[in-house]
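Pasted below: protein_34.cif, mmCIF, C-alpha atoms.
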```cif
data_entry
loop_
_atom_site.label_atom_id
_atom_site.label_comp_id
_atom_site.auth_asym_id
_atom_site.auth_seq_id
_atom_site.Cartn_x
_atom_site.Cartn_y
_atom_site.Cartn_z
CA MET A 1338 -19.05 -5.73 8.76
CA SER A 1339 -16.84 -4.22 11.41
CA VAL A 1340 -13.55 -2.53 10.62
CA ARG A 1341 -10.73 -4.19 12.45
CA GLY A 1342 -7.11 -3.37 13.12
CA PHE A 1343 -4.13 -5.38 14.29
CA ALA A 1344 -2.63 -5.49 17.77
CA VAL A 1345 0.77 -3.82 18.10
CA VAL A 1346 3.40 -5.04 20.57
CA VAL A 1347 5.18 -2.11 22.20
CA VAL A 1348 8.92 -2.55 22.94
CA ALA A 1349 11.82 -0.17 23.44
CA LEU A 1350 13.49 1.27 20.37
CA LEU A 1351 17.28 1.34 20.28
CA VAL A 1352 19.05 4.01 18.25
CA SER A 1353 22.53 3.07 17.12
CA ALA A 1354 25.50 5.30 17.81
CA PRO A 1355 27.32 6.98 14.91
CA VAL A 1356 29.60 4.65 12.98
CA PRO A 1357 32.76 6.37 11.71
CA GLY A 1358 34.02 5.57 8.26
CA VAL A 1359 30.67 4.53 6.80
CA ALA A 1360 29.88 5.87 3.33
CA GLN A 1361 27.09 8.34 2.79
CA PRO A 1362 23.70 6.89 1.82
CA LYS A 1363 22.71 6.76 -1.84
CA VAL A 1364 19.09 6.54 -3.03
CA GLN A 1365 18.59 4.64 -6.28
CA ALA A 1366 14.79 4.21 -6.46
CA VAL A 1367 11.62 5.15 -4.59
CA LEU A 1368 8.70 2.83 -5.38
CA ASN A 1369 5.10 2.31 -4.32
CA ALA A 1370 5.37 -0.57 -1.81
CA GLY A 1371 2.07 -2.05 -2.99
CA SER A 1372 2.88 -2.30 -6.69
CA LEU A 1373 6.63 -1.59 -6.94
CA SER A 1374 5.75 1.13 -9.45
CA PRO A 1375 7.05 4.72 -9.41
CA PHE A 1376 3.55 6.16 -8.89
CA LEU A 1377 3.35 7.82 -5.47
CA ALA A 1378 0.95 9.99 -3.51
CA PRO A 1379 0.80 11.55 -0.03
CA GLY A 1380 -0.08 8.82 2.44
CA THR A 1381 1.50 6.06 0.33
CA LEU A 1382 3.62 3.28 1.79
CA VAL A 1383 6.91 3.39 -0.12
CA SER A 1384 10.08 1.33 -0.43
CA ILE A 1385 13.30 3.29 -0.83
CA PHE A 1386 16.13 1.29 -2.41
CA GLY A 1387 19.80 2.21 -2.42
CA THR A 1388 23.13 1.65 -0.71
CA GLN A 1389 24.43 2.50 2.77
CA LEU A 1390 20.90 3.47 3.85
CA ALA A 1391 21.45 2.13 7.38
CA SER A 1392 24.16 0.43 9.40
CA ALA A 1393 21.88 -2.54 10.20
CA ALA A 1394 18.27 -3.68 9.85
CA ALA A 1395 15.69 -2.39 12.33
CA SER A 1396 11.89 -2.31 12.43
CA ALA A 1397 9.47 0.01 14.17
CA SER A 1398 7.58 -1.91 16.82
CA SER A 1399 4.97 0.57 17.96
CA ILE A 1400 2.70 3.28 16.66
CA PRO A 1401 2.80 6.19 16.14
CA LEU A 1402 5.67 5.37 13.81
CA PRO A 1403 8.96 7.15 14.52
CA THR A 1404 10.66 9.65 12.24
CA GLN A 1405 14.05 8.21 13.19
CA LEU A 1406 14.95 4.52 13.33
CA ASN A 1407 18.41 3.13 14.02
CA GLY A 1408 19.88 6.56 13.32
CA VAL A 1409 18.10 6.86 9.95
CA SER A 1410 15.62 9.58 8.98
CA VAL A 1411 13.91 10.52 5.71
CA LYS A 1412 12.58 13.87 4.55
CA VAL A 1413 10.12 14.34 1.70
CA GLY A 1414 10.26 17.98 0.77
CA SER A 1415 10.65 19.60 4.18
CA VAL A 1416 8.51 17.05 6.04
CA ALA A 1417 9.89 14.09 8.02
CA ALA A 1418 8.58 10.73 6.82
CA PHE A 1419 7.45 8.00 9.20
CA LEU A 1420 9.58 4.85 9.19
CA LEU A 1421 8.56 1.18 9.38
CA TYR A 1422 11.83 -0.51 8.48
CA VAL A 1423 15.43 0.36 7.67
CA SER A 1424 18.31 -1.74 6.35
CA PRO A 1425 21.50 -1.09 4.37
CA ASP A 1426 19.70 -1.42 1.01
CA GLN A 1427 16.03 -0.69 1.74
CA VAL A 1428 13.92 1.69 3.82
CA ASN A 1429 10.12 1.37 4.13
CA ALA A 1430 8.33 4.60 4.99
CA VAL A 1431 5.05 6.47 4.73
CA ILE A 1432 4.96 9.65 2.65
CA PRO A 1433 3.26 12.09 5.02
CA PHE A 1434 -0.12 13.52 4.06
CA GLU A 1435 1.37 16.83 5.21
CA VAL A 1436 3.90 16.98 2.34
CA ALA A 1437 1.58 18.94 0.07
CA THR A 1438 -1.99 19.31 -1.05
CA VAL A 1439 -2.28 17.51 -4.40
CA LYS A 1440 -5.59 18.32 -6.04
CA PHE A 1441 -7.41 16.03 -8.46
CA GLY A 1442 -5.51 15.76 -11.72
CA GLU A 1443 -2.45 17.60 -10.46
CA VAL A 1444 1.09 16.28 -10.17
CA LEU A 1445 3.85 17.71 -8.00
CA ASN A 1446 7.10 17.08 -9.83
CA PHE A 1447 10.63 17.19 -8.44
CA VAL A 1448 9.76 16.76 -4.76
CA PRO A 1449 13.15 16.02 -3.12
CA LEU A 1450 13.52 12.93 -0.91
CA VAL A 1451 16.63 12.74 1.27
CA VAL A 1452 17.81 9.88 3.49
CA SER A 1453 19.98 10.90 6.45
CA THR A 1454 22.23 8.62 8.50
CA PRO A 1455 25.03 9.21 11.02
CA ALA A 1456 27.37 9.19 7.98
CA GLY A 1457 25.59 12.10 6.31
CA ASP A 1458 22.77 12.92 3.88
CA SER A 1459 22.05 11.35 0.54
CA ALA A 1460 21.79 13.45 -2.57
CA ALA A 1461 18.20 14.57 -3.14
CA PHE A 1462 16.21 12.02 -5.13
CA ASN A 1463 13.35 13.76 -6.91
CA ILE A 1464 9.94 12.06 -6.92
CA SER A 1465 6.56 12.98 -8.42
CA LEU A 1466 3.45 13.00 -6.24
CA PHE A 1467 -0.02 12.37 -7.69
CA ASP A 1468 -3.37 12.94 -5.99
CA ASN A 1469 -3.55 9.15 -5.63
CA ALA A 1470 -1.48 6.14 -6.66
CA PRO A 1471 -3.67 3.07 -6.03
CA ALA A 1472 -1.98 -0.27 -5.37
CA ILE A 1473 -3.52 -3.46 -3.98
CA ILE A 1474 -1.33 -5.24 -1.43
CA THR A 1475 -0.46 -8.80 -2.40
CA GLN A 1476 0.83 -11.86 -0.57
CA ASN A 1477 4.24 -11.73 -2.25
CA GLY A 1478 4.72 -8.03 -1.51
CA ALA A 1479 5.48 -7.28 -5.16
CA GLY A 1480 2.01 -6.33 -6.37
CA THR A 1481 1.54 -9.57 -8.32
CA GLY A 1482 0.02 -12.98 -7.65
CA ASN A 1483 -2.68 -13.39 -5.03
CA ALA A 1484 -4.02 -10.37 -3.18
CA VAL A 1485 -4.20 -10.29 0.59
CA ALA A 1486 -7.90 -11.11 0.97
CA LEU A 1487 -9.60 -11.97 4.27
CA ASP A 1488 -13.07 -12.92 5.43
CA VAL A 1489 -14.95 -11.10 8.21
CA ASN A 1490 -13.09 -13.19 10.79
CA LEU A 1491 -9.73 -12.10 9.34
CA ASN A 1492 -9.01 -15.53 7.87
CA PRO A 1493 -7.65 -15.84 4.29
CA ILE A 1494 -10.46 -16.56 1.86
CA SER A 1495 -10.41 -19.86 -0.04
CA ILE A 1496 -12.91 -18.93 -2.75
CA VAL A 1497 -14.77 -15.89 -4.05
CA ASP A 1498 -18.47 -16.28 -3.34
CA GLY A 1499 -21.18 -13.89 -2.23
CA ASN A 1500 -19.62 -13.20 1.15
CA PRO A 1501 -17.80 -9.99 2.11
CA ILE A 1502 -14.06 -9.74 1.46
CA ILE A 1503 -11.52 -7.50 3.21
CA LEU A 1504 -8.76 -6.14 0.95
CA TYR A 1505 -5.78 -3.92 1.67
CA ALA A 1506 -4.22 -1.22 -0.50
CA THR A 1507 -2.02 1.85 -0.39
CA GLY A 1508 -1.92 5.17 -2.23
CA LEU A 1509 -5.68 5.83 -2.28
CA GLY A 1510 -5.43 9.49 -1.34
CA PRO A 1511 -6.92 11.66 1.42
CA ALA A 1512 -9.54 10.57 3.91
CA ASP A 1513 -12.40 12.39 5.62
CA PRO A 1514 -11.78 13.15 8.42
CA PRO A 1515 -8.04 13.31 7.69
CA GLY A 1516 -6.04 10.40 9.05
CA SER A 1517 -2.67 10.19 10.74
CA SER A 1518 0.39 9.46 8.63
CA ALA A 1519 2.09 8.00 11.71
CA SER A 1520 -0.76 6.02 13.27
CA GLY A 1521 -3.06 5.00 10.44
CA GLY A 1522 -6.83 5.14 10.66
CA SER A 1523 -8.98 5.40 13.73
CA PRO A 1524 -10.45 2.13 15.07
CA LEU A 1525 -13.55 4.01 16.24
CA GLU A 1526 -16.07 6.30 14.60
CA PRO A 1527 -15.62 8.63 12.93
CA LEU A 1528 -13.64 6.27 10.70
CA ASN A 1529 -11.28 7.79 8.13
CA ARG A 1530 -13.26 7.06 4.97
CA LEU A 1531 -11.92 7.95 1.54
CA ALA A 1532 -12.71 11.48 0.45
CA VAL A 1533 -13.42 10.25 -3.11
CA PRO A 1534 -15.30 6.98 -3.84
CA ILE A 1535 -13.51 4.09 -5.53
CA GLN A 1536 -14.62 1.27 -7.79
CA VAL A 1537 -13.53 -2.33 -7.22
CA LEU A 1538 -13.77 -5.04 -9.88
CA ILE A 1539 -13.58 -8.73 -9.01
CA GLY A 1540 -13.53 -11.11 -11.97
CA GLU A 1541 -14.49 -8.17 -14.25
CA GLN A 1542 -17.66 -7.62 -12.17
CA LEU A 1543 -18.23 -4.40 -10.23
CA ALA A 1544 -18.33 -5.19 -6.50
CA ASP A 1545 -20.30 -3.39 -3.79
CA VAL A 1546 -17.96 -1.31 -1.63
CA LEU A 1547 -19.11 -1.35 2.00
CA PHE A 1548 -16.15 0.55 3.39
CA ALA A 1549 -13.02 2.17 1.95
CA GLY A 1550 -10.69 4.17 4.13
CA LEU A 1551 -7.55 4.15 6.24
CA ALA A 1552 -6.98 0.81 7.97
CA PRO A 1553 -7.14 1.16 11.76
CA ASN A 1554 -3.69 1.37 13.32
CA LEU A 1555 -1.90 0.51 10.05
CA PRO A 1556 0.01 3.57 8.77
CA GLY A 1557 0.11 3.88 4.98
CA VAL A 1558 -2.48 1.12 4.53
CA TYR A 1559 -6.10 1.37 3.40
CA GLN A 1560 -8.82 -1.19 4.09
CA ILE A 1561 -11.54 -2.00 1.56
CA ASN A 1562 -14.55 -4.12 2.49
CA VAL A 1563 -16.41 -5.40 -0.57
CA VAL A 1564 -19.13 -7.85 -1.54
CA PRO A 1565 -18.58 -9.58 -4.93
CA LYS A 1566 -21.47 -9.42 -7.39
CA GLY A 1567 -22.24 -11.67 -10.34
CA ARG A 1568 -20.26 -14.64 -11.56
CA PRO A 1569 -16.56 -13.83 -12.04
CA VAL A 1570 -15.32 -14.34 -15.59
CA SER A 1571 -11.64 -14.13 -14.60
CA ASN A 1572 -9.57 -14.19 -11.44
CA ARG A 1573 -8.46 -10.56 -11.79
CA LEU A 1574 -8.87 -7.97 -9.05
CA TYR A 1575 -8.33 -4.26 -9.59
CA LEU A 1576 -9.71 -0.91 -8.53
CA PHE A 1577 -10.09 2.63 -9.81
CA ALA A 1578 -9.43 5.73 -7.71
CA ASN A 1579 -10.15 9.02 -9.48
CA ASN A 1580 -10.05 7.07 -12.76
CA ARG A 1581 -6.53 5.84 -12.04
CA SER A 1582 -6.18 2.04 -12.10
CA SER A 1583 -4.34 -0.13 -9.61
CA ASN A 1584 -2.21 -3.19 -10.25
CA GLN A 1585 -4.13 -6.37 -11.13
CA PRO A 1586 -3.49 -9.22 -8.69
CA SER A 1587 -5.68 -12.33 -8.49
CA LEU A 1588 -8.29 -13.89 -6.21
CA PRO A 1589 -9.33 -17.55 -5.91
CA VAL A 1590 -12.44 -17.93 -8.05
CA PRO A 1591 -14.70 -20.94 -8.71
CA ALA A 1592 -13.29 -23.44 -11.20
CA GLY A 1593 -14.26 -22.87 -14.81
CA THR A 1594 -14.64 -19.08 -14.60
CA ASN A 1595 -11.38 -18.27 -16.36
CA VAL A 1596 -8.95 -19.86 -18.78
CA ILE A 1597 -6.54 -20.81 -15.99
CA ASN A 1598 -9.11 -23.32 -14.72
CA VAL A 1599 -9.95 -24.87 -18.08
CA THR A 1600 -9.14 -28.58 -18.49
CA GLY A 1601 -9.46 -30.88 -21.48
CA SER A 1602 -7.57 -32.82 -24.12
CA ILE A 1603 -6.45 -32.29 -27.70
CA ASP A 1604 -7.03 -35.10 -30.21
CA GLY A 1605 -4.88 -35.61 -33.28
CA LEU A 1606 -6.05 -33.95 -36.46
CA TYR A 1607 -5.68 -35.67 -39.87
#
```
Using structure tokens, write down the structure from this file.
Amino acid sequence: MSVRGFAVVVVALLVSAPVPGVAQPKVQAVLNAGSLSPFLAPGTLVSIFGTQLASAAASASSIPLPTQLNGVSVKVGSVAAFLLYVSPDQVNAVIPFEVATVKFGEVLNFVPLVVSTPAGDSAAFNISLFDNAPAIITQNGAGTGNAVALDVNLNPISIVDGNPIILYATGLGPADPPGSSASGGSPLEPLNRLAVPIQVLIGEQLADVLFAGLAPNLPGVYQINVVPKGRPVSNRLYLFANNRSSNQPSLPVPAGTNVINVTGSIDGLY
């Protein structure tokens, strides 16, 4: 199965002029964008929530991602984060791999994150960074419901069978060779494969992992190519990275393989 990326349309980026009288930004939460949990790692796509984070909404439209968008910038520790989207109440960014080296089992506590706008800097919001923080990307963007799952032609799958499935995740940790925080994975060999193997379970059955690494040209996103094995006994999908579990979204499985698909009737008892 080939590893595929997505085409990116390149347009000019406009940076807004300073707006006098606007309040300073305030950060209220920093969450894993795949699961909306507080578990974060270098290379993770994150959503920063707060107030006065930007004067207006703006999206990055090319890669490498910028470190400033519509006058907004973010620093994690002393390293500039790469920005995908900014708005008054939400900023989506990639925590740079360069923030720190987090070894297996270690946690870096009280890493300051600061959002800067033309109105000033936010107070530092301390986050904790793990060696990995696995999260499967879902269709609703909240880490629940159906996972984003494609076939080899990049079409959404309609049923889990014996054919390969392409999944997307974030927070899976370092790659070998190291990938770019701003540009995502390479579309050509050597591909940026995960430094540590992962396990993927589909319907409680261990799947064969054909590829796991940074998604080509998708900063903060990992691509996982798997082949389901055995008959699924549920519609759950989840993975383990360094023994840390992801969220548990669902996949479409054959009818009758889990209690959601059960049909029948209940007769009166006397």
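Nearest residue to Gly1371 in chain A among A:Ala1395, A:Ala1549, A:Val1431, A:Val1413 is A:Val1431, counting all atoms listed in the file.
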Explicit residue set for the PyMOL selection byres ((chain A and resi 1503) around 9), as a count of residues only: 15
Hits from the PyMOL selection byres ((chain A and resi 1456) around 7), listed as a PyMOL selection string: chain A and resi 1359-1361+1454-1455+1457
Under the rule of at most 10 Å, produce a per-residue listing of range 1416-1504 of chain A near range 1586-1591 of chain A: chain, number, name, the closest pair of atoms, and the distance in Å, as a tab-separated table, using only C-alpha atoms.
```
residue	atom	partner	partner_atom	distance
A:Ala1472	CA	A:Pro1586	CA	9.7
A:Ile1473	CA	A:Pro1586	CA	7.4
A:Ile1474	CA	A:Pro1586	CA	8.6
A:Thr1475	CA	A:Pro1586	CA	7.0
A:Gln1476	CA	A:Pro1586	CA	9.6
A:Ala1479	CA	A:Pro1586	CA	9.8
A:Gly1480	CA	A:Pro1586	CA	6.6
A:Thr1481	CA	A:Pro1586	CA	5.1
A:Gly1482	CA	A:Pro1586	CA	5.2
A:Asn1483	CA	A:Ser1587	CA	4.7
A:Ala1484	CA	A:Pro1586	CA	5.7
A:Val1485	CA	A:Leu1588	CA	8.7
A:Ala1486	CA	A:Leu1588	CA	7.7
A:Ile1494	CA	A:Pro1589	CA	7.9
A:Ser1495	CA	A:Pro1589	CA	6.4
A:Ile1496	CA	A:Pro1589	CA	5.0
A:Val1497	CA	A:Val1590	CA	5.1
A:Asp1498	CA	A:Val1590	CA	7.8
```
Report as lines of an AutoDock Vina configuration file the centre and the edge lengths, in Å to one decimal, of the axis-aligned box holding every listed atom of range 1539-1543 of chain A, padded by 3 Å on each side.
```
center_x = -15.9
center_y = -7.8
center_z = -11.6
size_x = 10.7
size_y = 12.7
size_z = 11.2
```
Counting all atoms listed in the file, the residue of A:Asn1469, A:Asn1446, A:Gln1427, A:Ser1523 that sits nearest Phe1386 in chain A: A:Gln1427
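Using all atoms listed in the file, the smallest distance between any of A:Leu1421, A:Ala1378, A:Val1364, A:Ile1400 and Lys1440 in chain A comes from A:Ala1378.
Across A:Thr1388, A:Asn1554, A:Ser1415, A:Ser1459, the tightest approach to Ser1518 in chain A is made by A:Asn1554 when counting only C-alpha atoms.
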Name all residues at most 9 Å from Gln1542 in chain A (count all atoms listed in the file; drop same-chain ones fewer than 3 positions away) and give them as a PDB file with C-alpha atoms, keeping the file's coordinate frame.
```
ATOM      1  CA  VAL A1537     -13.530  -2.330  -7.220  1.00  0.00           C
ATOM      2  CA  LEU A1538     -13.770  -5.040  -9.880  1.00  0.00           C
ATOM      3  CA  ILE A1539     -13.580  -8.730  -9.010  1.00  0.00           C
ATOM      4  CA  PRO A1565     -18.580  -9.580  -4.930  1.00  0.00           C
ATOM      5  CA  LYS A1566     -21.470  -9.420  -7.390  1.00  0.00           C
ATOM      6  CA  GLY A1567     -22.240 -11.670 -10.340  1.00  0.00           C
ATOM      7  CA  ARG A1568     -20.260 -14.640 -11.560  1.00  0.00           C
ATOM      8  CA  PRO A1569     -16.560 -13.830 -12.040  1.00  0.00           C
ATOM      9  CA  VAL A1570     -15.320 -14.340 -15.590  1.00  0.00           C
TER      10      VAL A1570
END
```
Taking the file as I've supplied it (selection: the PyMOL selection byres ((chain A and resi 1417) around 10)), which residues are included? Please answer as a JSON list (two decimals) with C-alpha atoms, in the frame of the given file.
```json
[["chain", "number", "residue", "atom", "x", "y", "z"],
["A", 1403, "PRO", "CA", 8.96, 7.15, 14.52],
["A", 1404, "THR", "CA", 10.66, 9.65, 12.24],
["A", 1405, "GLN", "CA", 14.05, 8.21, 13.19],
["A", 1410, "SER", "CA", 15.62, 9.58, 8.98],
["A", 1411, "VAL", "CA", 13.91, 10.52, 5.71],
["A", 1412, "LYS", "CA", 12.58, 13.87, 4.55],
["A", 1413, "VAL", "CA", 10.12, 14.34, 1.70],
["A", 1414, "GLY", "CA", 10.26, 17.98, 0.77],
["A", 1415, "SER", "CA", 10.65, 19.60, 4.18],
["A", 1416, "VAL", "CA", 8.51, 17.05, 6.04],
["A", 1418, "ALA", "CA", 8.58, 10.73, 6.82],
["A", 1419, "PHE", "CA", 7.45, 8.00, 9.20],
["A", 1420, "LEU", "CA", 9.58, 4.85, 9.19],
["A", 1431, "VAL", "CA", 5.05, 6.47, 4.73],
["A", 1432, "ILE", "CA", 4.96, 9.65, 2.65],
["A", 1433, "PRO", "CA", 3.26, 12.09, 5.02],
["A", 1435, "GLU", "CA", 1.37, 16.83, 5.21],
["A", 1436, "VAL", "CA", 3.90, 16.98, 2.34],
["A", 1450, "LEU", "CA", 13.52, 12.93, -0.91],
["A", 1451, "VAL", "CA", 16.63, 12.74, 1.27]]
```
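Using all atoms listed in the file, the smallest distance between any of A:Ala1461, A:Val1423, A:Leu1543, A:Ala1578 and Leu1390 in chain A comes from A:Val1423.
Distances to Asn1500 in chain A were evaluated for A:Asn1463, A:Ala1544, A:Pro1379, A:Ser1398 using only C-alpha atoms, and the minimum falls at A:Ala1544.
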CA of Val1367 in chain A to CA of Leu1555 in chain A, straight-line distance in Å: 20.5 Å
Atom-to-atom span, CA of Leu1509 in chain A and CA of Val1448 in chain A, Å: 19.1 Å
Distance query Val1558 in chain A at most 8 Å, all atoms listed in the file, self and fewer than 2 positions along chain excluded, as a ChimeraX atom specification: /A:1381-1382,1505-1508,1521,1551-1552,1555-1556,1560
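Our summary of the geometry notes that CA of Ala1519 in chain A is positioned 24.5 Å from CA of Asn1579 in chain A.
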